[in-house]
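Just data25.cif here, mmCIF, C-alpha atoms:
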data_entry
#
loop_
_atom_site.group_PDB
_atom_site.id
_atom_site.type_symbol
_atom_site.label_atom_id
_atom_site.label_comp_id
_atom_site.auth_asym_id
_atom_site.auth_seq_id
_atom_site.Cartn_x
_atom_site.Cartn_y
_atom_site.Cartn_z
ATOM 1 C CA MET A 1 28.007 0.199 -8.927
ATOM 2 C CA LYS A 2 28.136 -3.327 -7.589
ATOM 3 C CA PRO A 3 26.570 -4.702 -4.421
ATOM 4 C CA PRO A 4 28.699 -5.698 -1.414
ATOM 5 C CA ALA A 5 29.560 -9.371 -0.990
ATOM 6 C CA PHE A 6 26.902 -11.641 0.518
ATOM 7 C CA ASP A 7 26.016 -15.312 0.864
ATOM 8 C CA TYR A 8 23.244 -16.274 -1.536
ATOM 9 C CA HIS A 9 20.515 -18.727 -0.492
ATOM 10 C CA ALA A 10 17.795 -20.152 -2.748
ATOM 11 C CA PRO A 11 15.440 -22.217 -0.570
ATOM 12 C CA ARG A 12 12.792 -24.333 -2.287
ATOM 13 C CA GLY A 13 10.301 -24.528 0.567
ATOM 14 C CA LEU A 14 8.860 -22.173 3.174
ATOM 15 C CA GLY A 15 10.319 -24.146 6.054
ATOM 16 C CA GLU A 16 13.789 -23.965 4.545
ATOM 17 C CA ALA A 17 13.430 -20.248 3.879
ATOM 18 C CA LEU A 18 12.409 -19.576 7.480
ATOM 19 C CA GLU A 19 15.283 -21.680 8.774
ATOM 20 C CA VAL A 20 17.801 -19.734 6.682
ATOM 21 C CA LEU A 21 16.322 -16.414 7.829
ATOM 22 C CA ALA A 22 16.470 -17.528 11.441
ATOM 23 C CA GLY A 23 20.169 -18.272 11.050
ATOM 24 C CA ALA A 24 20.845 -14.984 9.270
ATOM 25 C CA GLY A 25 19.008 -12.895 11.877
ATOM 26 C CA PRO A 26 19.501 -9.135 11.378
ATOM 27 C CA HIS A 27 22.081 -9.788 8.653
ATOM 28 C CA GLY A 28 19.581 -11.364 6.228
ATOM 29 C CA LYS A 29 17.531 -9.761 3.452
ATOM 30 C CA VAL A 30 14.735 -11.344 1.424
ATOM 31 C CA LEU A 31 14.724 -11.144 -2.368
ATOM 32 C CA ALA A 32 11.385 -11.504 -4.146
ATOM 33 C CA GLY A 33 10.813 -9.002 -6.966
ATOM 34 C CA GLY A 34 13.988 -7.084 -6.206
ATOM 35 C CA GLN A 35 12.740 -3.833 -7.746
ATOM 36 C CA SER A 36 13.635 -1.881 -4.592
ATOM 37 C CA LEU A 37 16.247 -4.116 -2.977
ATOM 38 C CA ILE A 38 18.629 -4.469 -5.925
ATOM 39 C CA PRO A 39 19.086 -0.698 -6.390
ATOM 40 C CA LEU A 40 19.676 -0.361 -2.633
ATOM 41 C CA LEU A 41 22.342 -3.047 -2.811
ATOM 42 C CA ASN A 42 24.004 -1.526 -5.851
ATOM 43 C CA MET A 43 24.131 1.889 -4.199
ATOM 44 C CA ARG A 44 25.516 0.293 -1.011
ATOM 45 C CA LEU A 45 22.554 1.606 0.989
ATOM 46 C CA ALA A 46 21.948 -1.960 2.178
ATOM 47 C CA SER A 47 24.683 -4.477 2.928
ATOM 48 C CA PRO A 48 23.225 -7.782 4.152
ATOM 49 C CA SER A 49 25.536 -10.711 4.803
ATOM 50 C CA HIS A 50 22.867 -13.135 3.541
ATOM 51 C CA LEU A 51 20.459 -12.733 0.629
ATOM 52 C CA VAL A 52 17.531 -15.166 0.764
ATOM 53 C CA ASP A 53 15.917 -15.571 -2.673
ATOM 54 C CA ILE A 54 12.371 -16.892 -2.133
ATOM 55 C CA ASN A 55 11.425 -17.086 -5.819
ATOM 56 C CA ARG A 56 11.582 -20.898 -5.783
ATOM 57 C CA VAL A 57 9.166 -21.170 -2.834
ATOM 58 C CA ALA A 58 6.089 -22.007 -4.921
ATOM 59 C CA GLU A 59 3.721 -22.030 -1.942
ATOM 60 C CA LEU A 60 4.170 -18.266 -1.600
ATOM 61 C CA ASP A 61 2.939 -17.580 -5.147
ATOM 62 C CA THR A 62 -0.731 -17.344 -4.182
ATOM 63 C CA LEU A 63 -3.635 -15.019 -4.763
ATOM 64 C CA VAL A 64 -6.773 -16.058 -2.908
ATOM 65 C CA VAL A 65 -10.116 -14.294 -3.142
ATOM 66 C CA ALA A 66 -12.536 -15.428 -0.461
ATOM 67 C CA ASP A 67 -15.453 -14.061 1.501
ATOM 68 C CA GLY A 68 -14.153 -11.058 3.318
ATOM 69 C CA GLY A 69 -11.307 -9.987 1.080
ATOM 70 C CA VAL A 70 -8.167 -10.778 -0.879
ATOM 71 C CA ARG A 71 -5.088 -12.534 0.496
ATOM 72 C CA VAL A 72 -1.974 -11.855 -1.552
ATOM 73 C CA GLY A 73 1.002 -14.189 -1.198
ATOM 74 C CA ALA A 74 4.602 -13.010 -0.974
ATOM 75 C CA LEU A 75 5.389 -13.919 -4.606
ATOM 76 C CA ALA A 76 2.246 -12.511 -6.220
ATOM 77 C CA ARG A 77 3.423 -9.960 -8.767
ATOM 78 C CA HIS A 78 1.845 -6.533 -9.137
ATOM 79 C CA ALA A 79 0.767 -7.405 -12.666
ATOM 80 C CA ALA A 80 -0.977 -10.631 -11.641
ATOM 81 C CA VAL A 81 -2.975 -8.842 -8.946
ATOM 82 C CA GLU A 82 -3.773 -5.930 -11.259
ATOM 83 C CA ARG A 83 -5.057 -8.212 -14.023
ATOM 84 C CA SER A 84 -7.160 -10.474 -11.813
ATOM 85 C CA SER A 85 -10.864 -9.865 -12.427
ATOM 86 C CA SER A 86 -11.794 -11.700 -9.223
ATOM 87 C CA VAL A 87 -9.496 -9.416 -7.221
ATOM 88 C CA ALA A 88 -11.016 -6.363 -8.891
ATOM 89 C CA ARG A 89 -14.514 -7.505 -7.934
ATOM 90 C CA ALA A 90 -13.559 -8.269 -4.346
ATOM 91 C CA GLN A 91 -11.369 -5.215 -3.770
ATOM 92 C CA PRO A 92 -11.372 -2.711 -6.677
ATOM 93 C CA LEU A 93 -9.099 -0.256 -4.868
ATOM 94 C CA LEU A 94 -6.187 -2.661 -5.361
ATOM 95 C CA ARG A 95 -6.456 -2.506 -9.155
ATOM 96 C CA THR A 96 -7.009 1.261 -9.092
ATOM 97 C CA ALA A 97 -3.826 1.813 -7.097
ATOM 98 C CA LEU A 98 -1.713 -0.780 -8.910
ATOM 99 C CA LYS A 99 -2.252 0.980 -12.236
ATOM 100 C CA LEU A 100 -0.346 3.900 -10.720
ATOM 101 C CA VAL A 101 2.600 1.832 -9.474
ATOM 102 C CA ALA A 102 5.744 2.507 -11.535
ATOM 103 C CA HIS A 103 5.647 1.037 -15.068
ATOM 104 C CA PRO A 104 4.407 -2.275 -16.548
ATOM 105 C CA VAL A 105 7.902 -3.755 -16.772
ATOM 106 C CA ILE A 106 8.385 -3.154 -13.042
ATOM 107 C CA ARG A 107 4.895 -4.418 -12.170
ATOM 108 C CA ASN A 108 5.665 -7.625 -14.069
ATOM 109 C CA ARG A 109 8.404 -8.420 -11.570
ATOM 110 C CA GLY A 110 7.688 -6.447 -8.407
ATOM 111 C CA THR A 111 5.554 -7.963 -5.655
ATOM 112 C CA VAL A 112 2.772 -6.528 -3.530
ATOM 113 C CA ILE A 113 4.358 -7.821 -0.328
ATOM 114 C CA GLY A 114 7.728 -6.429 -1.325
ATOM 115 C CA SER A 115 6.203 -2.983 -1.712
ATOM 116 C CA LEU A 116 4.546 -3.218 1.690
ATOM 117 C CA VAL A 117 7.706 -4.397 3.459
ATOM 118 C CA HIS A 118 9.765 -1.702 1.719
ATOM 119 C CA ALA A 119 7.390 0.732 3.483
ATOM 120 C CA ASP A 120 8.054 3.772 1.327
ATOM 121 C CA PRO A 121 5.638 6.510 2.507
ATOM 122 C CA SER A 122 5.435 7.735 -1.106
ATOM 123 C CA ALA A 123 4.205 4.366 -2.400
ATOM 124 C CA GLU A 124 0.602 3.517 -3.194
ATOM 125 C CA LEU A 125 0.142 0.088 -1.625
ATOM 126 C CA PRO A 126 0.974 1.031 1.982
ATOM 127 C CA ALA A 127 -1.771 3.671 1.767
ATOM 128 C CA VAL A 128 -4.222 1.119 0.346
ATOM 129 C CA LEU A 129 -3.522 -1.378 3.127
ATOM 130 C CA THR A 130 -3.882 1.407 5.704
ATOM 131 C CA VAL A 131 -7.184 2.838 4.486
ATOM 132 C CA LEU A 132 -8.673 -0.671 4.183
ATOM 133 C CA SER A 133 -7.501 -1.663 7.687
ATOM 134 C CA GLY A 134 -5.678 -4.629 6.196
ATOM 135 C CA SER A 135 -2.900 -6.685 7.731
ATOM 136 C CA VAL A 136 0.367 -8.461 6.951
ATOM 137 C CA ARG A 137 1.062 -12.045 8.059
ATOM 138 C CA LEU A 138 4.569 -12.711 9.350
ATOM 139 C CA ALA A 139 6.107 -16.151 9.876
ATOM 140 C CA ARG A 140 9.137 -17.276 11.870
ATOM 141 C CA HIS A 141 11.023 -20.570 12.044
ATOM 142 C CA GLY A 142 9.601 -22.584 14.929
ATOM 143 C CA GLY A 143 7.530 -19.634 16.103
ATOM 144 C CA GLY A 144 4.315 -19.802 14.098
ATOM 145 C CA GLU A 145 2.669 -16.804 12.485
ATOM 146 C CA ARG A 146 1.364 -13.425 13.546
ATOM 147 C CA ASP A 147 -0.902 -10.950 11.779
ATOM 148 C CA VAL A 148 0.114 -7.307 12.102
ATOM 149 C CA PRO A 149 -2.542 -4.660 11.318
ATOM 150 C CA ALA A 150 -1.573 -1.912 8.911
ATOM 151 C CA GLY A 151 -1.636 0.711 11.650
ATOM 152 C CA ALA A 152 1.174 -1.099 13.459
ATOM 153 C CA PHE A 153 2.995 -2.524 10.456
ATOM 154 C CA PHE A 154 4.460 0.710 9.070
ATOM 155 C CA THR A 155 6.814 2.109 11.697
ATOM 156 C CA GLY A 156 8.785 4.737 9.768
ATOM 157 C CA PRO A 157 10.178 5.607 6.338
ATOM 158 C CA LEU A 158 11.450 2.338 4.837
ATOM 159 C CA GLU A 159 10.785 0.635 8.189
ATOM 160 C CA SER A 160 8.202 -2.005 9.041
ATOM 161 C CA ALA A 161 7.289 -4.323 11.879
ATOM 162 C CA VAL A 162 9.085 -7.270 10.261
ATOM 163 C CA GLU A 163 11.635 -8.451 12.827
ATOM 164 C CA PRO A 164 14.965 -10.182 12.110
ATOM 165 C CA GLY A 165 14.323 -13.794 11.137
ATOM 166 C CA GLU A 166 10.722 -13.120 10.077
ATOM 167 C CA LEU A 167 9.250 -13.414 6.598
ATOM 168 C CA ALA A 168 6.173 -11.546 5.370
ATOM 169 C CA VAL A 169 4.252 -14.424 3.776
ATOM 170 C CA SER A 170 1.014 -12.662 2.794
ATOM 171 C CA ALA A 171 -1.146 -9.573 3.145
ATOM 172 C CA PHE A 172 -4.907 -9.353 3.564
ATOM 173 C CA PHE A 173 -6.964 -6.613 1.916
ATOM 174 C CA PRO A 174 -10.541 -6.687 3.283
ATOM 175 C CA SER A 175 -13.483 -6.296 0.941
ATOM 176 C CA LEU A 176 -15.807 -3.354 1.447
ATOM 177 C CA PRO A 177 -19.411 -3.693 2.671
ATOM 178 C CA PRO A 178 -22.381 -2.783 0.444
ATOM 179 C CA ARG A 179 -22.872 0.900 -0.395
ATOM 180 C CA THR A 180 -19.178 1.581 0.145
ATOM 181 C CA GLY A 181 -16.907 3.087 -2.481
ATOM 182 C CA SER A 182 -13.193 3.706 -2.847
ATOM 183 C CA ALA A 183 -10.828 5.817 -4.913
ATOM 184 C CA PHE A 184 -7.157 6.640 -5.307
ATOM 185 C CA CYS A 185 -5.872 9.953 -6.658
ATOM 186 C CA GLU A 186 -2.288 11.112 -6.947
ATOM 187 C CA VAL A 187 -0.026 13.566 -8.739
ATOM 188 C CA ALA A 188 3.472 12.669 -9.931
ATOM 189 C CA ARG A 189 5.904 14.613 -12.093
ATOM 190 C CA ARG A 190 5.857 11.789 -14.634
ATOM 191 C CA HIS A 191 3.638 8.762 -14.892
ATOM 192 C CA GLY A 192 5.267 5.984 -12.898
ATOM 193 C CA ASP A 193 7.227 8.284 -10.596
ATOM 194 C CA TYR A 194 6.597 8.256 -6.879
ATOM 195 C CA ALA A 195 3.744 10.611 -6.059
ATOM 196 C CA MET A 196 4.385 14.137 -4.829
ATOM 197 C CA ALA A 197 1.067 13.674 -3.039
ATOM 198 C CA GLY A 198 -1.748 11.172 -3.117
ATOM 199 C CA ALA A 199 -4.851 9.966 -1.315
ATOM 200 C CA ALA A 200 -6.663 6.650 -0.955
ATOM 201 C CA ALA A 201 -10.265 7.089 0.205
ATOM 202 C CA VAL A 202 -13.097 4.879 1.415
ATOM 203 C CA VAL A 203 -16.649 6.192 1.901
ATOM 204 C CA GLY A 204 -19.701 4.326 3.223
ATOM 205 C CA LEU A 205 -23.349 5.320 2.774
ATOM 206 C CA ASP A 206 -26.565 4.373 4.570
ATOM 207 C CA GLU A 207 -29.794 3.255 2.896
ATOM 208 C CA ASP A 208 -30.694 6.887 2.200
ATOM 209 C CA LEU A 209 -27.316 7.421 0.524
ATOM 210 C CA ARG A 210 -26.063 9.670 3.278
ATOM 211 C CA ILE A 211 -22.412 9.423 4.234
ATOM 212 C CA VAL A 212 -21.940 7.430 7.438
ATOM 213 C CA SER A 213 -18.193 6.789 7.251
ATOM 214 C CA ALA A 214 -15.297 8.369 5.438
ATOM 215 C CA LYS A 215 -11.545 8.037 5.746
ATOM 216 C CA VAL A 216 -8.514 8.829 3.680
ATOM 217 C CA ALA A 217 -4.887 7.663 3.755
ATOM 218 C CA CYS A 218 -2.503 10.347 2.538
ATOM 219 C CA VAL A 219 0.693 9.598 0.619
ATOM 220 C CA SER A 220 4.006 11.482 0.817
ATOM 221 C CA VAL A 221 3.059 13.681 3.783
ATOM 222 C CA GLY A 222 4.658 11.796 6.657
ATOM 223 C CA PRO A 223 7.007 8.980 7.635
ATOM 224 C CA VAL A 224 4.144 6.480 7.189
ATOM 225 C CA PRO A 225 0.755 6.670 5.417
ATOM 226 C CA VAL A 226 -1.283 9.292 7.290
ATOM 227 C CA LEU A 227 -4.791 7.982 8.018
ATOM 228 C CA LEU A 228 -7.432 10.659 8.584
ATOM 229 C CA GLU A 229 -10.934 9.916 9.825
ATOM 230 C CA MET A 230 -13.228 12.296 7.950
ATOM 231 C CA SER A 231 -16.645 11.139 9.192
ATOM 232 C CA GLU A 232 -17.215 14.175 11.394
ATOM 233 C CA VAL A 233 -16.625 16.520 8.482
ATOM 234 C CA CYS A 234 -18.932 14.920 5.931
ATOM 235 C CA ALA A 235 -21.171 12.369 7.686
ATOM 236 C CA HIS A 236 -24.975 12.280 7.720
ATOM 237 C CA ARG A 237 -25.236 14.193 4.465
ATOM 238 C CA PRO A 238 -25.639 13.077 0.875
ATOM 239 C CA ALA A 239 -22.482 13.665 -1.104
ATOM 240 C CA ALA A 240 -24.096 16.493 -3.066
ATOM 241 C CA SER A 241 -24.567 18.566 0.087
ATOM 242 C CA VAL A 242 -21.142 18.032 1.656
ATOM 243 C CA ASP A 243 -18.987 21.128 2.026
ATOM 244 C CA TRP A 244 -16.066 19.684 0.085
ATOM 245 C CA ALA A 245 -14.005 22.851 0.525
ATOM 246 C CA ALA A 246 -14.242 22.296 4.290
ATOM 247 C CA VAL A 247 -13.156 18.686 3.793
ATOM 248 C CA ALA A 248 -10.032 19.817 1.919
ATOM 249 C CA ALA A 249 -9.312 22.440 4.576
ATOM 250 C CA SER A 250 -9.644 19.843 7.334
ATOM 251 C CA VAL A 251 -7.120 17.584 5.590
ATOM 252 C CA ARG A 252 -4.625 20.416 5.198
ATOM 253 C CA GLU A 253 -4.912 21.335 8.869
ATOM 254 C CA ARG A 254 -4.170 17.778 10.008
ATOM 255 C CA ILE A 255 -1.060 16.992 7.979
ATOM 256 C CA ASP A 256 2.506 18.188 8.364
ATOM 257 C CA PRO A 257 4.369 17.488 5.107
ATOM 258 C CA GLU A 258 7.990 18.314 4.449
ATOM 259 C CA GLY A 259 9.415 19.989 1.395
ATOM 260 C CA ASP A 260 11.988 18.378 -0.887
ATOM 261 C CA ILE A 261 13.422 18.752 -4.378
ATOM 262 C CA HIS A 262 10.044 17.769 -5.870
ATOM 263 C CA ALA A 263 7.656 20.046 -3.964
ATOM 264 C CA THR A 264 7.611 22.608 -1.188
ATOM 265 C CA ALA A 265 5.802 21.758 2.024
ATOM 266 C CA ALA A 266 3.145 24.393 1.266
ATOM 267 C CA TYR A 267 2.489 23.016 -2.216
ATOM 268 C CA ARG A 268 2.357 19.439 -0.946
ATOM 269 C CA ARG A 269 -0.125 20.454 1.776
ATOM 270 C CA HIS A 270 -2.355 22.226 -0.753
ATOM 271 C CA LEU A 271 -2.155 19.377 -3.240
ATOM 272 C CA THR A 272 -2.988 16.749 -0.613
ATOM 273 C CA GLY A 273 -6.135 18.652 0.305
ATOM 274 C CA VAL A 274 -7.230 18.760 -3.332
ATOM 275 C CA LEU A 275 -6.531 15.068 -3.897
ATOM 276 C CA ALA A 276 -8.163 13.930 -0.657
ATOM 277 C CA GLU A 277 -11.297 15.914 -1.469
ATOM 278 C CA ARG A 278 -11.362 14.481 -4.985
ATOM 279 C CA ALA A 279 -10.814 10.898 -3.819
ATOM 280 C CA LEU A 280 -13.554 11.188 -1.184
ATOM 281 C CA ARG A 281 -16.019 12.613 -3.729
ATOM 282 C CA ILE A 282 -15.260 9.840 -6.226
ATOM 283 C CA ALA A 283 -15.580 7.184 -3.508
ATOM 284 C CA ALA A 284 -18.958 8.630 -2.460
ATOM 285 C CA GLN A 285 -20.138 8.579 -6.076
ATOM 286 C CA GLU A 286 -19.055 4.966 -6.448
ATOM 287 C CA ALA A 287 -20.810 4.016 -3.216
ATOM 288 C CA ALA A 288 -24.020 5.558 -4.575
ATOM 289 C CA GLY A 289 -23.647 3.546 -7.787
ATOM 290 C CA GLU A 290 -22.791 6.547 -9.937
ATOM 291 C CA GLN A 291 -20.419 6.431 -12.873
ATOM 292 C CA GLY A 292 -17.290 8.461 -13.148
ATOM 293 C CA ARG A 293 -14.514 6.721 -11.245
ATOM 294 C CA GLU A 294 -11.338 8.559 -12.012
ATOM 295 C CA GLY A 295 -7.795 9.093 -10.841
ATOM 296 C CA LEU A 296 -5.271 11.803 -11.372
ATOM 297 C CA ASP A 297 -1.691 11.144 -12.351
ATOM 298 C CA GLY A 298 -0.110 14.208 -13.870
#
If you convert what's in this file into structure tokens, what do you get?
Amino acid sequence: MKPPAFDYHAPRGLGEALEVLAGAGPHGKVLAGGQSLIPLLNMRLASPSHLVDINRVAELDTLVVADGGVRVGALARHAAVERSSSVARAQPLLRTALKLVAHPVIRNRGTVIGSLVHADPSAELPAVLTVLSGSVRLARHGGGERDVPAGAFFTGPLESAVEPGELAVSAFFPSLPPRTGSAFCEVARRHGDYAMAGAAAVVGLDEDLRIVSAKVACVSVGPVPVLLEMSEVCAHRPAASVDWAAVAASVRERIDPEGDIHATAAYRRHLTGVLAERALRIAAQEAAGEQGREGLDG
């Protein structure tokens, strides 16, 4: 199929891009990697009057690692973020999750910001931003910038807080404090497919290696990533003494997945409990300095 007709814009600076988007309003769409947008256009599921290609806006092709976290610019490709050793040191969960995103040929072109703005509840990066309490920076012509926290950024399936005329210029993924570990586990029918279920976990320990904080963002169980605070279930105990079966049961009780052609609701609920438990255990092991980080992609 072919996309509907649209006016094509190729701005060469951020100011020009924002000006074009302001003029396009709700009828404009931004093209960066295009790995999600182009199929939507070809299937006539999106029909913008204006397509704003930002690939010539060099100032958006940034990847900055500083004290406190990683700021990813709107044109930073999945592959560049995945391969960055400085990013992996500052925020290892990003690399862990990116290895599960689609296939290398797609990661070579797709962008981190594009994945976040696409807001697919089955995607990995929205869950990562959510569990890390990250944020997305939005810019508007003549209106400055605003930072939207992950909890407010994802508003529904394929819906985000980006308003007409705004451009998502970067996302911030905070680093984790000492004695804190992370993990991402998922199951897909084939490697590179969207996950039937998945979980991104972060666990913090005290000086005695007892769990003091634990949270997990679940994938494919709701209209947005479902963030569950698990501290009450497993806090104040070393990982070895946590009742992990109770952790899995708690996750299952607090989610309400739907069935589809890939999995029934009951199977997805069971699987999410297994993956959340596994991700939390791995994150606790990493926080304690143990070896054995792993993921599941079956």
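Distance annotation: of A:Arg44, A:Arg269, A:Arg107, A:His9, the residue with the minimal separation from Ala197 in chain A is A:Arg269; atom set is all atoms listed in the file.
Across the chains present, the PyMOL selection byres ((chain A and resi 4) around 12) applied to this file returns Met1, Lys2, Pro3, Ala5, Phe6, Asp7, Tyr8, Ile38, Pro39, Leu40, Leu41, Asn42, Met43, Arg44, Leu45, Ala46, Ser47, Pro48, Ser49, His50 and Leu51 of chain A.
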Next item on the list: Provide the CA of Ala22 in chain A to CA of Gly142 in chain A distance in Å, to one decimal place.
Entry: 9.2 Å
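Omitting Gly25 in chain A and its sequence neighbours fewer than 5 positions away, and counting all atoms listed in the file, the residues within 12 Å are Leu18, Glu19, Val20, Val30, Pro48, Ser49, His50, Leu51, Val52, Arg140, His141, Val162, Glu163, Pro164, Gly165, Glu166 and Leu167 of chain A.
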Checklist line | Top pick for closest residue to Leu93 in chain A, considering A:Ala150, A:Ala288, A:Ala119, A:Val131 and counting only C-alpha atoms | finding: A:Val131
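Atom pair CA of Arg137 in chain A / CA of Ala214 in chain A: separated by 26.3 Å.
Note on the selection: in this file the PyMOL selection byres ((chain A and resi 284) around 9) comes out as Arg179, Thr180, Gly181, Ser182, Ala183, Val202, Val203, Gly204, Leu205, Leu209, Ile211, Ala214, Pro238, Ala239, Ala279, Leu280, Arg281, Ile282, Ala283, Gln285, Glu286, Ala287, Ala288, Gly289 and Glu290 of chain A.
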Next item on the list: Have a look at A:Ala32, A:Val117, A:Leu176, A:Ala276 and name the one nearest to Ser133 in chain A; count all atoms listed in the file.
Entry: A:Leu176
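From CA of Ala199 in chain A back to CA of Val81 in chain A, the distance works out to 20.4 Å.
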Next item on the list: Fewer than 6 positions away in the same chain doesn't count, so skip those; otherwise give me all residues within 7 Å of Pro225 in chain A, counting only C-alpha atoms, as a PyMOL selection string.
Entry: chain A and resi 121+126-127+217-219
